[in-house]
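Structure file input11.cif (mmCIF, C-alpha atoms and all ligand atoms) follows.
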data_structure
loop_
_atom_site.label_atom_id
_atom_site.label_comp_id
_atom_site.auth_asym_id
_atom_site.auth_seq_id
_atom_site.Cartn_x
_atom_site.Cartn_y
_atom_site.Cartn_z
CA MET A 1198 -19.87 9.32 -4.05
CA SER A 1199 -20.62 12.99 -3.67
CA LYS A 1200 -17.88 14.20 -1.34
CA GLY A 1201 -14.40 14.96 -2.59
CA LEU A 1202 -11.81 12.23 -2.19
CA PRO A 1203 -9.84 13.93 0.64
CA GLU A 1204 -13.09 14.36 2.62
CA ARG A 1205 -13.94 10.68 2.09
CA ILE A 1206 -10.54 9.68 3.47
CA VAL A 1207 -10.76 12.08 6.43
CA GLY A 1208 -14.29 10.73 7.06
CA MET A 1209 -13.16 7.10 7.38
CA ASP A 1210 -13.67 5.50 10.78
CA TRP A 1211 -10.13 6.33 11.88
CA SER A 1212 -10.52 5.19 15.47
CA ALA A 1213 -11.44 1.72 14.17
CA VAL A 1214 -8.58 1.85 11.65
CA GLN A 1215 -6.05 2.86 14.32
CA ARG A 1216 -7.28 0.09 16.60
CA SER A 1217 -7.05 -2.47 13.81
CA LEU A 1218 -3.51 -1.33 12.94
CA ASP A 1219 -2.42 -1.65 16.56
CA GLU A 1220 -4.13 -4.97 17.19
CA GLN A 1221 -3.76 -6.79 13.86
CA GLY A 1222 -1.05 -4.78 12.11
CA PHE A 1223 -3.29 -3.97 9.16
CA ALA A 1224 -6.69 -2.41 8.45
CA VAL A 1225 -9.13 -3.20 5.64
CA PHE A 1226 -11.27 -0.23 4.57
CA PRO A 1227 -14.49 -0.08 2.50
CA PRO A 1228 -14.66 1.62 -0.93
CA ILE A 1229 -13.46 5.22 -1.08
CA LEU A 1230 -13.29 5.32 -4.89
CA ASP A 1231 -16.52 4.90 -6.83
CA THR A 1232 -16.93 2.69 -9.91
CA GLU A 1233 -16.35 5.58 -12.33
CA GLU A 1234 -13.14 6.58 -10.57
CA CYS A 1235 -11.91 2.98 -10.59
CA ASP A 1236 -12.80 2.62 -14.27
CA ALA A 1237 -11.03 5.89 -15.13
CA LEU A 1238 -7.85 4.68 -13.42
CA ILE A 1239 -8.05 1.35 -15.25
CA ALA A 1240 -8.62 3.18 -18.55
CA SER A 1241 -5.54 5.30 -17.89
CA TYR A 1242 -3.36 2.17 -17.58
CA ASP A 1243 -2.40 2.53 -21.26
CA ALA A 1244 -1.80 6.31 -21.13
CA ASP A 1245 1.97 5.99 -21.23
CA ASP A 1246 2.66 9.69 -20.63
CA LEU A 1247 1.42 9.20 -17.02
CA TYR A 1248 4.21 6.80 -16.09
CA ARG A 1249 7.95 7.02 -15.53
CA LYS A 1250 8.66 3.30 -15.68
CA THR A 1251 6.98 0.00 -16.57
CA ILE A 1252 8.08 -3.22 -14.89
CA ASP A 1253 7.51 -6.67 -16.37
CA MET A 1254 7.51 -8.62 -13.11
CA LYS A 1255 8.65 -11.88 -14.70
CA ARG A 1256 11.91 -10.31 -15.87
CA TYR A 1257 12.94 -9.65 -12.28
CA ARG A 1258 11.35 -12.86 -10.94
CA PHE A 1259 8.94 -10.69 -8.87
CA GLY A 1260 5.99 -12.76 -10.11
CA ILE A 1261 3.87 -12.57 -13.26
CA GLY A 1262 2.21 -9.29 -14.10
CA GLU A 1263 3.07 -5.72 -14.90
CA TYR A 1264 3.19 -2.47 -13.01
CA LYS A 1265 3.84 1.16 -13.79
CA TYR A 1266 5.17 3.93 -11.57
CA PHE A 1267 3.33 7.24 -12.01
CA HIS A 1268 5.66 10.09 -12.69
CA SER A 1269 5.70 13.28 -10.66
CA PRO A 1270 3.62 15.46 -10.46
CA LEU A 1271 1.18 12.65 -9.74
CA PRO A 1272 -2.34 12.60 -11.23
CA GLU A 1273 -4.70 14.40 -8.85
CA VAL A 1274 -6.34 11.21 -7.49
CA LEU A 1275 -2.95 9.75 -6.54
CA GLN A 1276 -1.79 13.02 -5.03
CA GLN A 1277 -4.99 13.27 -2.98
CA LEU A 1278 -4.82 9.66 -1.79
CA ARG A 1279 -1.20 10.02 -0.73
CA ALA A 1280 -1.64 13.39 1.02
CA ALA A 1281 -4.90 12.53 2.80
CA PHE A 1282 -3.82 9.12 4.15
CA TYR A 1283 -0.44 10.41 5.30
CA PRO A 1284 -1.28 12.46 8.48
CA GLN A 1285 -3.35 9.71 10.13
CA LEU A 1286 -0.72 7.13 9.33
CA ALA A 1287 2.12 9.38 10.53
CA ALA A 1288 0.42 9.44 13.95
CA ALA A 1289 0.29 5.62 13.91
CA ALA A 1290 3.90 5.45 12.69
CA ASN A 1291 5.15 7.64 15.55
CA ARG A 1292 3.17 5.60 18.09
CA TRP A 1293 4.69 2.39 16.70
CA MET A 1294 8.24 3.76 16.78
CA GLU A 1295 7.79 4.82 20.40
CA ARG A 1296 6.59 1.32 21.27
CA LEU A 1297 9.74 -0.09 19.69
CA GLY A 1298 12.00 2.40 21.46
CA LYS A 1299 12.94 4.16 18.22
CA GLU A 1300 12.89 7.82 17.34
CA ALA A 1301 9.32 8.93 16.50
CA SER A 1302 10.31 11.25 13.70
CA TYR A 1303 7.57 11.22 11.08
CA PRO A 1304 6.48 14.79 10.34
CA ALA A 1305 2.78 15.69 10.39
CA SER A 1306 2.38 16.33 6.67
CA LEU A 1307 3.37 14.57 3.45
CA PRO A 1308 5.37 17.48 1.96
CA GLU A 1309 7.59 17.58 5.07
CA PHE A 1310 8.15 13.82 4.87
CA LEU A 1311 8.94 14.01 1.14
CA ASP A 1312 11.52 16.73 1.93
CA LYS A 1313 13.29 14.15 4.10
CA CYS A 1314 13.24 11.66 1.23
CA HIS A 1315 14.62 14.25 -1.17
CA GLN A 1316 17.37 15.27 1.27
CA ALA A 1317 18.40 11.59 1.36
CA GLY A 1318 18.58 11.52 -2.45
CA GLN A 1319 15.24 9.72 -2.84
CA ASN A 1320 13.58 11.77 -5.58
CA ARG A 1321 11.65 9.36 -7.77
CA SER A 1322 7.91 8.90 -7.28
CA THR A 1323 6.71 5.50 -6.10
CA PRO A 1324 2.87 5.30 -6.37
CA LEU A 1325 2.01 2.61 -8.89
CA ILE A 1326 -0.74 0.81 -10.78
CA LEU A 1327 -0.59 -2.96 -11.18
CA LYS A 1328 -2.18 -5.35 -13.65
CA TYR A 1329 -2.33 -9.14 -13.33
CA GLU A 1330 -3.97 -11.38 -15.91
CA ALA A 1331 -5.00 -15.02 -15.33
CA GLY A 1332 -1.91 -16.85 -14.08
CA GLY A 1333 -0.48 -13.65 -12.61
CA TYR A 1334 0.79 -13.31 -9.05
CA ASN A 1335 3.10 -11.15 -6.94
CA CYS A 1336 5.76 -12.82 -4.77
CA LEU A 1337 6.05 -11.87 -1.11
CA HIS A 1338 8.21 -8.76 -0.82
CA GLN A 1339 8.80 -5.40 0.86
CA ASP A 1340 8.83 -2.06 -0.98
CA LEU A 1341 11.94 -0.35 0.38
CA TYR A 1342 13.68 2.12 -1.90
CA GLY A 1343 16.41 3.64 0.20
CA GLU A 1344 17.26 4.55 3.76
CA VAL A 1345 14.13 6.66 4.37
CA PHE A 1346 10.91 4.76 4.41
CA PHE A 1347 7.39 5.22 5.75
CA PRO A 1348 6.16 2.32 7.94
CA PHE A 1349 2.78 2.01 6.18
CA GLN A 1350 1.53 1.65 2.65
CA VAL A 1351 -1.95 1.48 1.16
CA LEU A 1352 -3.32 -0.85 -1.48
CA LEU A 1353 -6.59 -0.29 -3.35
CA THR A 1354 -8.22 -2.78 -5.71
CA LEU A 1355 -9.71 -1.18 -8.81
CA ASN A 1356 -11.97 -3.95 -10.03
CA GLN A 1357 -14.32 -6.42 -8.42
CA LYS A 1358 -13.33 -9.82 -7.06
CA GLU A 1359 -15.51 -12.66 -8.38
CA THR A 1360 -16.97 -10.46 -11.14
CA ASP A 1361 -13.80 -9.20 -12.87
CA TYR A 1362 -11.26 -11.69 -11.52
CA GLU A 1363 -10.94 -14.78 -9.37
CA GLY A 1364 -8.11 -15.60 -6.97
CA GLY A 1365 -5.68 -12.69 -6.69
CA GLU A 1366 -5.99 -12.44 -2.91
CA PHE A 1367 -3.83 -9.86 -1.18
CA LEU A 1368 -1.39 -11.74 1.07
CA LEU A 1369 0.31 -10.50 4.21
CA VAL A 1370 2.79 -12.76 6.00
CA GLU A 1371 4.08 -11.92 9.43
CA GLN A 1372 7.38 -13.45 10.46
CA ARG A 1373 7.53 -13.73 14.24
CA PRO A 1374 10.85 -13.92 16.07
CA ARG A 1375 11.84 -17.50 16.88
CA ALA A 1376 8.39 -18.75 15.83
CA GLN A 1377 6.47 -19.82 12.75
CA SER A 1378 5.08 -17.20 10.34
CA ARG A 1379 1.43 -16.20 10.24
CA GLY A 1380 -0.48 -15.46 7.02
CA HIS A 1381 -3.43 -13.17 6.35
CA VAL A 1382 -5.57 -13.31 3.20
CA ILE A 1383 -7.37 -10.08 2.31
CA ARG A 1384 -9.84 -9.50 -0.49
CA PRO A 1385 -10.90 -5.83 -0.60
CA GLU A 1386 -13.99 -4.63 -2.44
CA ARG A 1387 -13.48 -2.59 -5.62
CA GLY A 1388 -12.41 0.93 -4.63
CA GLY A 1389 -11.55 -0.20 -1.11
CA GLY A 1390 -8.33 -1.58 0.19
CA VAL A 1391 -5.94 -2.28 2.99
CA ILE A 1392 -3.39 -0.35 5.03
CA PHE A 1393 -0.44 -2.55 5.98
CA PRO A 1394 3.11 -2.28 7.36
CA THR A 1395 5.92 -1.70 4.90
CA SER A 1396 8.45 -3.69 6.85
CA PHE A 1397 7.73 -4.41 10.52
CA ARG A 1398 5.33 -3.77 13.39
CA PRO A 1399 5.27 -3.78 17.22
CA VAL A 1400 3.40 -6.62 18.90
CA GLN A 1401 2.56 -6.54 22.61
CA GLY A 1402 4.39 -9.30 24.45
CA MET A 1403 4.71 -10.32 28.09
CA ARG A 1404 7.50 -7.78 28.64
CA GLY A 1405 6.75 -4.81 26.41
CA TYR A 1406 6.61 -4.79 22.65
CA TYR A 1407 8.55 -6.95 20.25
CA ARG A 1408 8.95 -6.60 16.52
CA THR A 1409 7.71 -8.82 13.71
CA THR A 1410 8.68 -8.60 10.03
CA LEU A 1411 6.04 -8.40 7.31
CA ARG A 1412 5.99 -9.20 3.63
CA HIS A 1413 3.10 -8.79 1.21
CA GLY A 1414 2.16 -10.23 -2.17
CA VAL A 1415 -0.74 -11.43 -4.29
CA GLY A 1416 -1.99 -15.02 -4.77
CA THR A 1417 -2.48 -16.36 -8.29
CA VAL A 1418 -5.25 -14.75 -10.34
CA THR A 1419 -7.15 -17.79 -11.65
CA ALA A 1420 -9.49 -15.96 -14.08
CA GLY A 1421 -10.00 -12.45 -15.45
CA THR A 1422 -7.77 -9.42 -14.89
CA ARG A 1423 -7.01 -7.73 -11.58
CA TYR A 1424 -5.99 -4.06 -11.36
CA SER A 1425 -4.73 -2.41 -8.20
CA LEU A 1426 -3.23 0.84 -7.02
CA GLY A 1427 -0.29 0.96 -4.63
CA ILE A 1428 0.27 4.06 -2.50
CA ILE A 1429 3.84 4.10 -1.25
CA PHE A 1430 4.67 7.23 0.75
CA HIS A 1431 8.45 7.36 0.52
CA ASP A 1432 10.08 8.33 -2.77
CA ALA A 1433 12.78 6.14 -4.29
CA ASN A 1434 16.48 6.53 -4.90
O1 LIG B 1 -1.52 -5.79 -6.25
C1 LIG B 1 -1.48 -5.87 -5.02
O2 LIG B 1 -2.47 -6.16 -4.34
C2 LIG B 1 -0.18 -5.68 -4.28
C3 LIG B 1 0.62 -4.60 -4.89
C4 LIG B 1 1.87 -4.27 -4.12
O3 LIG B 1 2.75 -5.06 -3.96
C5 LIG B 1 1.99 -2.93 -3.56
O4 LIG B 1 1.06 -2.12 -3.70
O5 LIG B 1 3.01 -2.65 -2.96
FE FE B 2 4.36 -4.18 -2.88
#
Could you write out this structure as C-alpha cells?
Amino acid sequence: MSKGLPERIVGMDWSAVQRSLDEQGFAVFPPILDTEECDALIASYDADDLYRKTIDMKRYRFGIGEYKYFHSPLPEVLQQLRAAFYPQLAAAANRWMERLGKEASYPASLPEFLDKCHQAGQNRSTPLILKYEAGGYNCLHQDLYGEVFFPFQVLLTLNQKETDYEGGEFLLVEQRPRAQSRGHVIRPERGGGVIFPTSFRPVQGMRGYYRTTLRHGVGTVTAGTRYSLGIIFHDAN
C-alpha cells in the first residue's frame, strides 16, 4: 500500500461505515495494513521494551491467550491508527449520545479526548496486541477502565484466517432489553478489522431510540496462532 496509514484511514468509505454503525452497531472494514506491516507488528510481539504490561488471560479467567499493553508514547503505527480513527468515530459517538438523550461531549480530536481521560486520573495507555494459540479464546467482555470511556473501539487482525489460524472468530453479542441476545460472528481479513461499540448503542424503536448492551470476545482458535491489535481510545486508571 503506497499511501501513508493516516491517508488510508481517511480514505475509507466513511459514509458506508457510518451507515453500518448506525444500522448494525458495527462496521467491518477491508485491509488498511499491508502484509509487511502486519508481519512487523507480529515480529514486535516479543520486543518487551514496547509494552507496559503482559496479561496471561487464564490467570484472570478472561480466556486462554496473552495480551500486552503498549506503553506510551505508542509506536507510530498505533499512534496513527488511534489518532486517524478518532475524529470520524467522535462524530458517530456524539450522534449516538444525542439519540440516547445524553450529553454529546466527545471532542473533535484525540489529544483533547485524552486530556479528559488524564483529568479523570486515567493516564495509562490501553492499545494492545493479542496472541491466541490453538485452544485459545477470549470470553465476552467490555473494555472499561474508569469513568471516562469512548463508545467505540477498533480491532484489527494481523494474520490470515484459514491460512495462519482456524476458528478464532470475533464475537459480538448484543443484549436487548427484555428480549433474547443477538450474536454476530465476524472474521476480518488480515490487516482489516471491525469497529464496534465499547458498551452500548442506540437502536431505533417504535417510540424513539432504545439502548442495547454489547459484549465482545473471540471464539476458540482450533489451529494455528491468531494475532490481533486492539485500539482502545480511552486511557486507563
Ligand atoms: O482478539 C480479538 O479479536 C479481540 C480483542 C479484544 O478483546 C479487544 O481488542 O478489545
Ligand atoms: Fe476487548
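Considering all atoms listed in the file, every residue of the polymer chains approaching ligand FE 2 (chain B) to 7 Å or closer is listed here: His1338, Gln1339, Asp1340, His1413 and Gly1414 of chain A.
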TODO: Select, from A:Asp1210, A:Asp1432, A:Asp1246, A:Glu1263, the residue with the minimum atom-to-atom distance to Ser1322 in chain A, counting all atoms listed in the file.
DONE: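 Ranked by minimum distance to Ser1322 in chain A, first place goes to A:Asp1432.
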Open item on the list: For ligand LIG 1 (chain B), return the neighbouring residues as a VMD selection string (distance at most 6 Å; only C-alpha atoms and all ligand atoms).
Closed with: chain A and resid 1327 1352 1367 1414 to 1415 1425 1427
Residues of range 1280-1358 of chain A that approach range 1397-1410 of chain A to 12 Å or less, counting only C-alpha atoms: could you list each one with the shortest pair of atoms and its distance in Å to one decimal, rows by chain and increasing residue number, as a Markdown table?
| residue | atom | partner | partner_atom | distance |
| --- | --- | --- | --- | --- |
| A:Ala1289 | CA | A:Arg1398 | CA | 10.7 |
| A:Ala1290 | CA | A:Arg1398 | CA | 9.4 |
| A:Asn1291 | CA | A:Pro1399 | CA | 11.5 |
| A:Arg1292 | CA | A:Pro1399 | CA | 9.7 |
| A:Trp1293 | CA | A:Pro1399 | CA | 6.2 |
| A:Met1294 | CA | A:Pro1399 | CA | 8.1 |
| A:Glu1295 | CA | A:Pro1399 | CA | 9.5 |
| A:Arg1296 | CA | A:Tyr1406 | CA | 6.3 |
| A:Leu1297 | CA | A:Pro1399 | CA | 6.3 |
| A:Gly1298 | CA | A:Tyr1406 | CA | 9.1 |
| A:Lys1299 | CA | A:Pro1399 | CA | 11.1 |
| A:Leu1337 | CA | A:Thr1410 | CA | 11.9 |
| A:His1338 | CA | A:Thr1410 | CA | 10.9 |
| A:Gln1339 | CA | A:Thr1410 | CA | 9.7 |
| A:Asp1340 | CA | A:Phe1397 | CA | 11.8 |
| A:Leu1341 | CA | A:Phe1397 | CA | 11.7 |
| A:Phe1346 | CA | A:Phe1397 | CA | 11.5 |
| A:Phe1347 | CA | A:Phe1397 | CA | 10.8 |
| A:Pro1348 | CA | A:Phe1397 | CA | 7.4 |
| A:Phe1349 | CA | A:Phe1397 | CA | 9.2 |
| A:Gln1350 | CA | A:Phe1397 | CA | 11.7 |
Task: Among the residues A:Tyr1424, A:Asn1356, A:Ala1280, A:Phe1310, the one that comes closest to Thr1232 in chain A [using all atoms listed in the file] - done: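 Ranking A:Tyr1424, A:Asn1356, A:Ala1280, A:Phe1310 by distance to Thr1232 in chain A, first place goes to A:Asn1356.
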Missing atoms in range 1234-1258 of chain A: fill them in up to N, CA and C atoms and send the result as a PDB file, in the coordinates of the input.
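Result file selection.pdb:
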ATOM      1  N   GLU A1234     -14.542   6.237 -10.867  1.00  0.00           N
ATOM      2  CA  GLU A1234     -13.140   6.580 -10.570  1.00  0.00           C
ATOM      3  C   GLU A1234     -12.225   5.372 -10.790  1.00  0.00           C
ATOM      4  N   CYS A1235     -12.700   4.201 -10.364  1.00  0.00           N
ATOM      5  CA  CYS A1235     -11.910   2.980 -10.590  1.00  0.00           C
ATOM      6  C   CYS A1235     -11.754   2.738 -12.084  1.00  0.00           C
ATOM      7  N   ASP A1236     -12.857   2.869 -12.832  1.00  0.00           N
ATOM      8  CA  ASP A1236     -12.800   2.620 -14.270  1.00  0.00           C
ATOM      9  C   ASP A1236     -11.881   3.616 -14.970  1.00  0.00           C
ATOM     10  N   ALA A1237     -11.894   4.878 -14.511  1.00  0.00           N
ATOM     11  CA  ALA A1237     -11.030   5.890 -15.130  1.00  0.00           C
ATOM     12  C   ALA A1237      -9.558   5.550 -14.897  1.00  0.00           C
ATOM     13  N   LEU A1238      -9.239   5.069 -13.700  1.00  0.00           N
ATOM     14  CA  LEU A1238      -7.850   4.680 -13.420  1.00  0.00           C
ATOM     15  C   LEU A1238      -7.439   3.484 -14.282  1.00  0.00           C
ATOM     16  N   ILE A1239      -8.347   2.516 -14.403  1.00  0.00           N
ATOM     17  CA  ILE A1239      -8.050   1.350 -15.250  1.00  0.00           C
ATOM     18  C   ILE A1239      -7.853   1.792 -16.700  1.00  0.00           C
ATOM     19  N   ALA A1240      -8.724   2.704 -17.164  1.00  0.00           N
ATOM     20  CA  ALA A1240      -8.620   3.180 -18.550  1.00  0.00           C
ATOM     21  C   ALA A1240      -7.308   3.924 -18.781  1.00  0.00           C
ATOM     22  N   SER A1241      -6.780   4.537 -17.727  1.00  0.00           N
ATOM     23  CA  SER A1241      -5.540   5.300 -17.890  1.00  0.00           C
ATOM     24  C   SER A1241      -4.296   4.403 -17.827  1.00  0.00           C
ATOM     25  N   TYR A1242      -4.517   3.086 -17.652  1.00  0.00           N
ATOM     26  CA  TYR A1242      -3.360   2.170 -17.580  1.00  0.00           C
ATOM     27  C   TYR A1242      -2.500   2.270 -18.846  1.00  0.00           C
ATOM     28  N   ASP A1243      -3.152   2.493 -19.986  1.00  0.00           N
ATOM     29  CA  ASP A1243      -2.400   2.530 -21.260  1.00  0.00           C
ATOM     30  C   ASP A1243      -1.942   3.929 -21.658  1.00  0.00           C
ATOM     31  N   ALA A1244      -2.225   4.929 -20.812  1.00  0.00           N
ATOM     32  CA  ALA A1244      -1.800   6.310 -21.130  1.00  0.00           C
ATOM     33  C   ALA A1244      -0.341   6.481 -20.718  1.00  0.00           C
ATOM     34  N   ASP A1245       0.560   6.113 -21.604  1.00  0.00           N
ATOM     35  CA  ASP A1245       1.970   5.990 -21.230  1.00  0.00           C
ATOM     36  C   ASP A1245       2.622   7.271 -20.725  1.00  0.00           C
ATOM     37  N   ASP A1246       2.056   8.422 -21.102  1.00  0.00           N
ATOM     38  CA  ASP A1246       2.660   9.690 -20.630  1.00  0.00           C
ATOM     39  C   ASP A1246       2.467   9.895 -19.128  1.00  0.00           C
ATOM     40  N   LEU A1247       1.630   9.057 -18.479  1.00  0.00           N
ATOM     41  CA  LEU A1247       1.420   9.200 -17.020  1.00  0.00           C
ATOM     42  C   LEU A1247       2.520   8.523 -16.211  1.00  0.00           C
ATOM     43  N   TYR A1248       3.319   7.677 -16.847  1.00  0.00           N
ATOM     44  CA  TYR A1248       4.210   6.800 -16.090  1.00  0.00           C
ATOM     45  C   TYR A1248       5.686   7.046 -16.387  1.00  0.00           C
ATOM     46  N   ARG A1249       6.504   6.847 -15.335  1.00  0.00           N
ATOM     47  CA  ARG A1249       7.950   7.020 -15.530  1.00  0.00           C
ATOM     48  C   ARG A1249       8.642   5.706 -15.848  1.00  0.00           C
ATOM     49  N   LYS A1250       8.002   4.587 -15.462  1.00  0.00           N
ATOM     50  CA  LYS A1250       8.660   3.300 -15.680  1.00  0.00           C
ATOM     51  C   LYS A1250       7.652   2.163 -15.644  1.00  0.00           C
ATOM     52  N   THR A1251       7.826   1.190 -16.535  1.00  0.00           N
ATOM     53  CA  THR A1251       6.980   0.000 -16.570  1.00  0.00           C
ATOM     54  C   THR A1251       7.840  -1.210 -16.219  1.00  0.00           C
ATOM     55  N   ILE A1252       7.326  -2.040 -15.308  1.00  0.00           N
ATOM     56  CA  ILE A1252       8.080  -3.220 -14.890  1.00  0.00           C
ATOM     57  C   ILE A1252       7.336  -4.493 -15.313  1.00  0.00           C
ATOM     58  N   ASP A1253       8.012  -5.330 -16.069  1.00  0.00           N
ATOM     59  CA  ASP A1253       7.510  -6.670 -16.370  1.00  0.00           C
ATOM     60  C   ASP A1253       8.018  -7.567 -15.234  1.00  0.00           C
ATOM     61  N   MET A1254       7.114  -7.963 -14.361  1.00  0.00           N
ATOM     62  CA  MET A1254       7.510  -8.620 -13.110  1.00  0.00           C
ATOM     63  C   MET A1254       8.300  -9.917 -13.341  1.00  0.00           C
ATOM     64  N   LYS A1255       7.983 -10.604 -14.415  1.00  0.00           N
ATOM     65  CA  LYS A1255       8.650 -11.880 -14.700  1.00  0.00           C
ATOM     66  C   LYS A1255      10.152 -11.690 -14.922  1.00  0.00           C
ATOM     67  N   ARG A1256      10.501 -10.591 -15.560  1.00  0.00           N
ATOM     68  CA  ARG A1256      11.910 -10.310 -15.870  1.00  0.00           C
ATOM     69  C   ARG A1256      12.777 -10.255 -14.626  1.00  0.00           C
ATOM     70  N   TYR A1257      12.183  -9.764 -13.533  1.00  0.00           N
ATOM     71  CA  TYR A1257      12.940  -9.650 -12.280  1.00  0.00           C
ATOM     72  C   TYR A1257      12.622 -10.795 -11.319  1.00  0.00           C
ATOM     73  N   ARG A1258      11.817 -11.732 -11.774  1.00  0.00           N
ATOM     74  CA  ARG A1258      11.350 -12.860 -10.940  1.00  0.00           C
ATOM     75  C   ARG A1258      10.571 -12.348  -9.715  1.00  0.00           C
TER      76      ARG A1258
END
